[in-house]
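Presented below is the structure to which this report refers.
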Amino acid sequence: MIDLIFPDGSQRQYEDGATGRDVAASIAKSLEKRAVLIKLDGKLYDLDRALPSGGVFEILTRDAPEALDTIRHDASHVMAQAVQELFPGAQVTIGPAIEDGFYYDFARDTPFSLDDLAKIEQRMKEIVDRDEKIVREVWNRDEAIAHFKAIGEAYKAEIISDLPETEEISVYRQGAWKDLCLGPHLPSTKHVGKAFKLTKLAGAYWRGDHRNAQLQRIYGTAWASEADLEAYLTRVEEAEKRDHRKIGRAMDLFHLQEEAKGMIFWHPKGWTLFRTVENYIRRRLDAEGYQEVKTPQIMDRGLWDRSGHWEKFGANMFVCETPEGEELAVKPMNCPGHIQIFNVGQKSYRDLPLRLAEFGACHRYEPSGALHGIMRLRAFTQDDAHIFCREDQIEEETTKFVRLLNSVYSDFGVHLDSVKLALRPELRAGSDEVWDIAEDKLDRAARQAVNIKIDRLPGEGAFYGPKLEFHLRDAIGRTWQCGTLQLDFVLPERLDAEYTAEDGSKQRPVVLHRAVFGAVERFLGILIENHAGAFPLWLAPTQVVVATITSDADDYGMQVAQELRAAGLRVETDLRNEKINYKIREHSLAKAPVIAVVGRREAEEGKVALRRFGSDGQEILSLAQAAKTLALEALAPDVARRTTGAAAASPRDSVGAREAG
RNA sequence: GCCGGAUUAGCUCAGCUGGUAGAGCAGCGGUUUUGUAAACCGAAGGUCACGGGUUCGAGUCCUGUAUCCGGCACCA
């Protein structure tokens, strides 16, 4: 007998071998009809599978949030079935549920075309209408391998061969089609419903390795209801409007062109934004005891050889040769340069931690397919710094950095999506003891400073040390690594950095590579998408537009602009011979934070009518009052904290505490 | 780099099975002097990404290249 505890706390006993369906039926016939899955001690099982044990038990209907992943997973199976019916010879590989949907990877010589998607979608709907029972079977391992080989499913055979000996080989059948799968699945194809849509085609390497064959991946989205699907599609459409590439063009911030792919032409407004952000972080770094430096853009190959970059990173560096035969490389990062500065003269333990910062223009030869708007470039600016410190200072410096990062993100109104700790890779420098300490220190420091789960990424660290990655999310949900902190035991050694310790001995400092934005350009891309171009006053390239009603007010309008500029604001005038409605509309669409309307009345009274973005009311102030108010509002958050003397908001609580995403 | 797709006016886009390119907005010229989200009129604007091919004829079909977009790989 098995004991089940139901959500309401009641308990009941069932015969051994009872299935979820039996249980549902014992409660109510209507429940059995609606049931699609069961949850036993937190784990999902097929409705028709014999319960493996007793425990906390719950029957899930199709609209349960936990069922959504299974709907998506089943949608991927239905898609695979449709593909194999329509395209005999296409091999199945894997097809999981993912955020918002699913995909399935097929091995097929001829790639699918977009036209195929419509056909596959149609066939999927037919399979749903067939309402084929989904049945779980357990197979013998060797027979399963032999079987899948025999029917030409080499990938499936390979997957089974790679499963641990102890693993049960489960195969799910739906009609004449079957797939090796862990499950669980819905009782029949009908339950998948039709709220799905195939969205994109892509190549994808078998097992994520580019040395392997390239498979054909089909992505789809699936939902519990048509309404959810519609809502999702609308959401995606809305998000696409916030694309930084669109806004960048519409707001005249920057452009890119063929002759300089992966590099930005910043227009005046975009560069104003860039400078505002740069000035902000410069103030923060100054206040945190960093010292800004500037190092050469191009350096001799010899230095890159010694640093190890030539060997490890050479293929991604832009190199040039001079007529005199020198081999030079454009810097892909700033570390070797900073170490050169550290190495001049003598350093004492008293100088540590020494924090050298640089807005370093880095160039990297990125594969063409990697480029993406201003998020992934070939030329970008790191808000880079290297902290030279003793081993016992690592933790404190890391904590300080993470606190700074939190505070900065909070000031910009962006929220951490995730924090990752990349751990020792297979090929690495340094002993395991050193790695133990290093990983532990980063982990502890990060946990102390952010209130968010830290994902551990085994094997993803750099060969020279573990790293912390801080990821932000763009408009359509992709995440980008922005902030980073990397421990480095190797570079100081290779470039012979040393300091004199208290006992007079020469010691190697540890280097912390760290960046808050990562790349200023990428951070700006995130910022543009997060605000959809409607920047807070302190960031807006144009803060106030002075718009006149009639030409009578032109002189006064210019005077208003002048006074606001004198108060430190970025002001434009719109004296065009257009109706005020037209001007309001245009500047509202351009997301100007403040429109100062002036007509004859304001001119006579020495006033301005302020209209703020997102509201349709107006606020009438004297010119002097307006200048004062706006100037105060336009202060950068860090300056505002200093100026008003208010206690600095505790960013530690405000970032990270927010739910990710 | 790999797979799929796109590229037509400054921008957003239309252009059926091949017959010689079109709209809206913006810009320019004029009229209008206007009170909080689009005044009116006019003229102009194109090597249809670039190269090669098929054809009497190519924006449209084939092919090569470039860039961009969606993924994959990469992101030290």
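Residue numbering restarts at 1 for every chain of the structure tokens, chains are lettered A, B, ... in their displayed order, and ligands are numbered from 1 as they appear.
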Please return, as a list in words, all residues of chain A lying within 6 Å of chain B when only C-alpha atoms (C1' of nucleotides) are considered.
Leu201, Ala202, Gly203, Ala204, His210, Glu258, Thr550, Lys579, Tyr582, Ile584 and Arg585 of chain A
Selection to disk with C-alpha atoms, as a compact mmCIF listing (two decimals), in the first residue's frame:
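Once written, selection-v7.txt looks like this:
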```
# COMPACT_ATOMS: atom_id res chain seq x y z
CA LEU A 201 15.09 28.33 -37.60
CA ALA A 202 18.70 28.05 -36.67
CA GLY A 203 21.76 25.91 -37.02
CA ALA A 204 23.01 24.39 -33.80
CA HIS A 210 31.35 23.43 -33.17
CA GLU A 258 29.70 48.59 -43.35
CA THR A 550 4.35 82.04 -31.86
CA LYS A 579 1.69 74.78 -34.13
CA TYR A 582 2.79 69.71 -33.50
CA ILE A 584 4.46 68.87 -28.32
CA ARG A 585 3.72 65.76 -30.27
```
For Gly308 (chain A), list every protein, DNA or RNA residue within 10 Å, evaluated using only C-alpha atoms (C1' of nucleotides), and leave out those in the same chain fewer than 5 positions away; present the list as a list in words.
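Near Gly308 (chain A), the qualifying residues are Gly302, Leu303, Phe313, Gly314, Pro336, Val490, Leu491, Arg494 and Leu495 of chain A.
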Same residues, all heavy atoms, output as an mmCIF file, in the first residue's frame:
```
data_model
loop_
_atom_site.group_PDB
_atom_site.id
_atom_site.type_symbol
_atom_site.label_atom_id
_atom_site.label_comp_id
_atom_site.auth_asym_id
_atom_site.auth_seq_id
_atom_site.Cartn_x
_atom_site.Cartn_y
_atom_site.Cartn_z
ATOM 1 N N GLY A 302 56.142 41.837 -28.488
ATOM 2 C CA GLY A 302 56.932 41.240 -27.415
ATOM 3 C C GLY A 302 56.204 41.253 -26.083
ATOM 4 O O GLY A 302 56.209 40.271 -25.341
ATOM 5 N N LEU A 303 55.540 42.374 -25.806
ATOM 6 C CA LEU A 303 54.825 42.475 -24.538
ATOM 7 C C LEU A 303 53.664 41.482 -24.486
ATOM 8 O O LEU A 303 53.413 40.849 -23.469
ATOM 9 C CB LEU A 303 54.303 43.906 -24.352
ATOM 10 C CG LEU A 303 53.535 44.162 -23.065
ATOM 11 C CD1 LEU A 303 54.437 43.994 -21.853
ATOM 12 C CD2 LEU A 303 52.917 45.545 -23.073
ATOM 13 N N PHE A 313 45.280 34.590 -27.163
ATOM 14 C CA PHE A 313 44.258 35.474 -27.693
ATOM 15 C C PHE A 313 44.617 36.053 -29.052
ATOM 16 O O PHE A 313 43.847 36.800 -29.642
ATOM 17 C CB PHE A 313 44.044 36.613 -26.681
ATOM 18 C CG PHE A 313 42.722 37.267 -26.811
ATOM 19 C CD1 PHE A 313 41.570 36.585 -26.451
ATOM 20 C CD2 PHE A 313 42.602 38.552 -27.311
ATOM 21 C CE1 PHE A 313 40.334 37.172 -26.585
ATOM 22 C CE2 PHE A 313 41.361 39.144 -27.446
ATOM 23 C CZ PHE A 313 40.223 38.454 -27.077
ATOM 24 N N GLY A 314 45.805 35.678 -29.521
ATOM 25 C CA GLY A 314 46.334 36.276 -30.744
ATOM 26 C C GLY A 314 45.377 36.291 -31.921
ATOM 27 O O GLY A 314 45.290 37.272 -32.654
ATOM 28 N N PRO A 336 47.965 44.329 -19.454
ATOM 29 C CA PRO A 336 49.421 44.443 -19.550
ATOM 30 C C PRO A 336 49.895 45.889 -19.384
ATOM 31 O O PRO A 336 50.915 46.127 -18.747
ATOM 32 C CB PRO A 336 49.724 43.921 -20.958
ATOM 33 C CG PRO A 336 48.579 43.033 -21.280
ATOM 34 C CD PRO A 336 47.391 43.689 -20.649
ATOM 35 N N VAL A 490 48.229 34.748 -12.443
ATOM 36 C CA VAL A 490 49.210 34.402 -13.465
ATOM 37 C C VAL A 490 49.921 35.608 -14.062
ATOM 38 O O VAL A 490 51.144 35.633 -14.195
ATOM 39 C CB VAL A 490 48.524 33.580 -14.581
ATOM 40 C CG1 VAL A 490 49.478 33.321 -15.719
ATOM 41 C CG2 VAL A 490 48.023 32.260 -14.005
ATOM 42 N N LEU A 491 49.112 36.625 -14.401
ATOM 43 C CA LEU A 491 49.692 37.753 -15.114
ATOM 44 C C LEU A 491 50.798 38.472 -14.320
ATOM 45 O O LEU A 491 51.830 38.838 -14.904
ATOM 46 C CB LEU A 491 48.582 38.732 -15.513
ATOM 47 C CG LEU A 491 48.886 39.605 -16.730
ATOM 48 C CD1 LEU A 491 49.262 38.767 -17.940
ATOM 49 C CD2 LEU A 491 47.703 40.491 -17.048
ATOM 50 N N ARG A 494 53.825 36.478 -14.961
ATOM 51 C CA ARG A 494 54.349 36.545 -16.324
ATOM 52 C C ARG A 494 54.983 37.889 -16.623
ATOM 53 O O ARG A 494 55.929 37.979 -17.390
ATOM 54 C CB ARG A 494 53.217 36.280 -17.328
ATOM 55 C CG ARG A 494 52.601 34.899 -17.162
ATOM 56 C CD ARG A 494 51.852 34.507 -18.398
ATOM 57 N NE ARG A 494 52.785 34.356 -19.515
ATOM 58 C CZ ARG A 494 52.716 33.382 -20.414
ATOM 59 N NH1 ARG A 494 51.754 32.488 -20.358
ATOM 60 N NH2 ARG A 494 53.585 33.327 -21.392
ATOM 61 N N LEU A 495 54.395 38.958 -16.054
ATOM 62 C CA LEU A 495 54.932 40.285 -16.358
ATOM 63 C C LEU A 495 55.780 40.816 -15.201
ATOM 64 O O LEU A 495 56.112 41.995 -15.153
ATOM 65 C CB LEU A 495 53.796 41.251 -16.718
ATOM 66 C CG LEU A 495 53.079 40.890 -18.025
ATOM 67 C CD1 LEU A 495 51.957 41.872 -18.314
ATOM 68 C CD2 LEU A 495 54.055 40.862 -19.204
#
```
Selection near Gln257 (chain A), 12 Å with only C-alpha atoms (C1' of nucleotides), sequence-local residues under 3 positions removed, as a compact mmCIF listing (two decimals) with C-alpha atoms (C1' of nucleotides), in the first residue's frame:
```
# COMPACT_ATOMS: atom_id res chain seq x y z
CA PHE A 254 24.69 56.60 -33.11
CA ALA A 260 33.60 49.86 -39.80
CA LYS A 261 31.59 46.88 -38.75
CA GLY A 262 31.41 46.31 -35.05
CA MET A 263 32.39 49.91 -34.37
CA ILE A 264 30.20 52.85 -33.49
CA PHE A 265 29.82 56.28 -34.98
CA TRP A 266 28.55 58.20 -31.97
CA GLY A 373 24.25 46.15 -32.35
C1' A B 66 29.22 42.44 -48.52
C1' U B 67 26.47 44.07 -44.48
C1' C B 68 22.47 43.48 -41.22
```
Find the residues around G53 (chain B) up to 12 Å (only C-alpha atoms (C1' of nucleotides) counted), leave out those fewer than 6 positions away in its own chain, and share them as a ChimeraX atom specification.
/B:61-64
Those same residues - C-alpha atoms (C1' of nucleotides) - I'd like them written as a PDB file, in the first residue's frame.
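Final file, result-v3.pdb:
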```pdb
ATOM      1  C1'   C B  61      14.868  34.218 -61.759  1.00  0.00           C
ATOM      2  C1'   C B  62      20.104  31.930 -61.010  1.00  0.00           C
ATOM      3  C1'   U B  63      25.011  32.758 -58.929  1.00  0.00           C
ATOM      4  C1'   G B  64      29.029  35.126 -56.146  1.00  0.00           C
TER       5        G B  64
END
```
As a PyMOL selection string, which residues of region 253-499 of chain A does DSSP assign to strand (DSSP E or B)?
chain A and resi 254-255+265-266+291-292+298-300+319-321+327-330+348+354-363+372+376+379-389+418-422+454-457+462+465+467-473+479-488+499
List as a PyMOL selection string the protein and nucleic acid residues near region 194-196 of chain A, meaning an atom at most 8 Å away when only C-alpha atoms (C1' of nucleotides) are counted, but skip any in the same chain fewer than 3 places from it.
chain A and resi 75+125+128+220-226+228-229
Selection above as a file: N, CA, C and O atoms, as a PDB file, in the first residue's frame:
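Listed below is the output, selection-v1.pdb:
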```pdb
ATOM      1  N   ALA A  75       5.017  19.705 -26.905  1.00  0.00           N
ATOM      2  CA  ALA A  75       4.933  20.409 -28.191  1.00  0.00           C
ATOM      3  C   ALA A  75       6.175  20.090 -29.014  1.00  0.00           C
ATOM      4  O   ALA A  75       6.100  19.900 -30.228  1.00  0.00           O
ATOM      5  N   LYS A 125      -0.794  20.405 -35.700  1.00  0.00           N
ATOM      6  CA  LYS A 125      -2.201  20.549 -35.298  1.00  0.00           C
ATOM      7  C   LYS A 125      -2.983  19.283 -35.611  1.00  0.00           C
ATOM      8  O   LYS A 125      -3.865  18.880 -34.843  1.00  0.00           O
ATOM      9  N   VAL A 128      -2.235  16.815 -32.920  1.00  0.00           N
ATOM     10  CA  VAL A 128      -2.988  17.144 -31.712  1.00  0.00           C
ATOM     11  C   VAL A 128      -4.429  16.652 -31.866  1.00  0.00           C
ATOM     12  O   VAL A 128      -4.997  16.048 -30.956  1.00  0.00           O
ATOM     13  N   GLY A 220      10.067  27.056 -31.138  1.00  0.00           N
ATOM     14  CA  GLY A 220       8.647  27.374 -31.102  1.00  0.00           C
ATOM     15  C   GLY A 220       8.288  27.935 -29.737  1.00  0.00           C
ATOM     16  O   GLY A 220       9.077  27.834 -28.791  1.00  0.00           O
ATOM     17  N   THR A 221       7.119  28.522 -29.677  1.00  0.00           N
ATOM     18  CA  THR A 221       6.627  28.978 -28.388  1.00  0.00           C
ATOM     19  C   THR A 221       5.307  28.250 -28.154  1.00  0.00           C
ATOM     20  O   THR A 221       4.598  27.932 -29.107  1.00  0.00           O
ATOM     21  N   ALA A 222       5.024  27.916 -26.908  1.00  0.00           N
ATOM     22  CA  ALA A 222       3.775  27.192 -26.618  1.00  0.00           C
ATOM     23  C   ALA A 222       3.235  27.651 -25.282  1.00  0.00           C
ATOM     24  O   ALA A 222       4.005  27.905 -24.348  1.00  0.00           O
ATOM     25  N   TRP A 223       1.914  27.729 -25.203  1.00  0.00           N
ATOM     26  CA  TRP A 223       1.255  28.253 -24.014  1.00  0.00           C
ATOM     27  C   TRP A 223       0.030  27.407 -23.688  1.00  0.00           C
ATOM     28  O   TRP A 223      -0.429  26.633 -24.521  1.00  0.00           O
ATOM     29  N   ALA A 224      -0.491  27.626 -22.509  1.00  0.00           N
ATOM     30  CA  ALA A 224      -1.648  26.849 -22.087  1.00  0.00           C
ATOM     31  C   ALA A 224      -2.901  27.300 -22.825  1.00  0.00           C
ATOM     32  O   ALA A 224      -3.823  26.527 -23.030  1.00  0.00           O
ATOM     33  N   SER A 225      -2.928  28.571 -23.238  1.00  0.00           N
ATOM     34  CA  SER A 225      -4.138  29.060 -23.907  1.00  0.00           C
ATOM     35  C   SER A 225      -3.778  30.002 -25.042  1.00  0.00           C
ATOM     36  O   SER A 225      -2.683  30.567 -25.081  1.00  0.00           O
ATOM     37  N   GLU A 226      -4.727  30.158 -25.949  1.00  0.00           N
ATOM     38  CA  GLU A 226      -4.570  31.090 -27.064  1.00  0.00           C
ATOM     39  C   GLU A 226      -4.304  32.494 -26.550  1.00  0.00           C
ATOM     40  O   GLU A 226      -3.496  33.234 -27.103  1.00  0.00           O
ATOM     41  N   ASP A 228      -2.865  33.385 -23.789  1.00  0.00           N
ATOM     42  CA  ASP A 228      -1.478  33.495 -23.320  1.00  0.00           C
ATOM     43  C   ASP A 228      -0.513  33.641 -24.497  1.00  0.00           C
ATOM     44  O   ASP A 228       0.449  34.396 -24.438  1.00  0.00           O
ATOM     45  N   LEU A 229      -0.811  32.874 -25.546  1.00  0.00           N
ATOM     46  CA  LEU A 229       0.044  32.947 -26.737  1.00  0.00           C
ATOM     47  C   LEU A 229      -0.012  34.353 -27.329  1.00  0.00           C
ATOM     48  O   LEU A 229       1.021  34.950 -27.633  1.00  0.00           O
TER      49      LEU A 229
END
```
Hey, what does DSSP flag as helix (DSSP H, G or I) within region 500-646 of chain A? Can you give it to me as a ChimeraX atom specification?
/A:520-531,551-566,580-589,600-605,623-633,637-644
Who sits within 10 Å of Tyr349 (chain A), only C-alpha atoms (C1' of nucleotides), same chain under 2 positions skipped, as a list in words:
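Once the adjacent positions are removed, what remains is Lys347, Asp351, Leu352, Pro353, Leu354, Cys389, Arg390, Glu498, Tyr499, Thr500, Ala501, Glu502, Asp503, Gly504, Lys506, Gln507 and Pro509 of chain A.
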Could you please take those selected residues and save C-alpha atoms as a short mmCIF file (atom, residue, chain, number, x, y, z; two decimals), in the first residue's frame?
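The resulting file, out_19.cif, is shown below:
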```
data_model
loop_
_atom_site.label_atom_id
_atom_site.label_comp_id
_atom_site.auth_asym_id
_atom_site.auth_seq_id
_atom_site.Cartn_x
_atom_site.Cartn_y
_atom_site.Cartn_z
CA LYS A 347 56.13 49.18 -4.84
CA ASP A 351 50.97 50.90 -1.65
CA LEU A 352 48.47 48.03 -1.75
CA PRO A 353 45.75 47.79 -2.65
CA LEU A 354 46.65 49.89 -5.67
CA CYS A 389 46.64 43.57 -3.74
CA ARG A 390 47.81 40.94 -1.31
CA GLU A 498 56.32 42.57 -7.42
CA TYR A 499 56.26 44.56 -4.24
CA THR A 500 58.39 44.66 -1.15
CA ALA A 501 56.74 43.04 1.84
CA GLU A 502 57.08 44.07 5.47
CA ASP A 503 59.93 41.63 5.98
CA GLY A 504 61.80 43.06 3.02
CA LYS A 506 59.84 40.47 -2.80
CA GLN A 507 56.26 39.30 -3.27
CA PRO A 509 50.69 40.91 -5.89
#
```
Residues within 7 Å of region 239-245 of chain A, please, as a compact mmCIF listing (two decimals) with N, CA, C and O atoms, in the first residue's frame. Count only C-alpha atoms (C1' of nucleotides); anything in the same chain fewer than 5 positions from it doesn't count.
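Below is the file that was written, around-v8.txt:
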```txt
# COMPACT_ATOMS: atom_id res chain seq x y z
N GLY A 373 24.52 44.76 -32.71
CA GLY A 373 24.25 46.15 -32.35
C GLY A 373 25.43 46.76 -31.62
O GLY A 373 26.56 46.64 -32.07
N ALA A 475 15.92 44.03 -23.78
CA ALA A 475 14.47 44.16 -23.92
C ALA A 475 13.81 42.83 -24.24
O ALA A 475 12.74 42.52 -23.72
N ILE A 476 14.43 42.02 -25.11
CA ILE A 476 13.74 40.79 -25.48
C ILE A 476 14.17 39.60 -24.64
O ILE A 476 13.88 38.47 -24.98
N GLY A 525 23.63 50.19 -24.27
CA GLY A 525 22.61 49.43 -25.00
C GLY A 525 21.54 48.93 -24.05
O GLY A 525 20.34 49.06 -24.31
N ILE A 528 19.49 51.90 -22.78
CA ILE A 528 18.53 52.37 -23.78
C ILE A 528 17.30 51.46 -23.78
O ILE A 528 16.17 51.93 -23.79
N GLU A 529 17.53 50.15 -23.74
CA GLU A 529 16.40 49.22 -23.80
C GLU A 529 15.60 49.23 -22.50
O GLU A 529 14.38 49.15 -22.52
N ALA A 532 13.66 52.30 -22.63
CA ALA A 532 12.99 52.49 -23.92
C ALA A 532 13.26 53.89 -24.48
O ALA A 532 12.44 54.49 -25.15
```
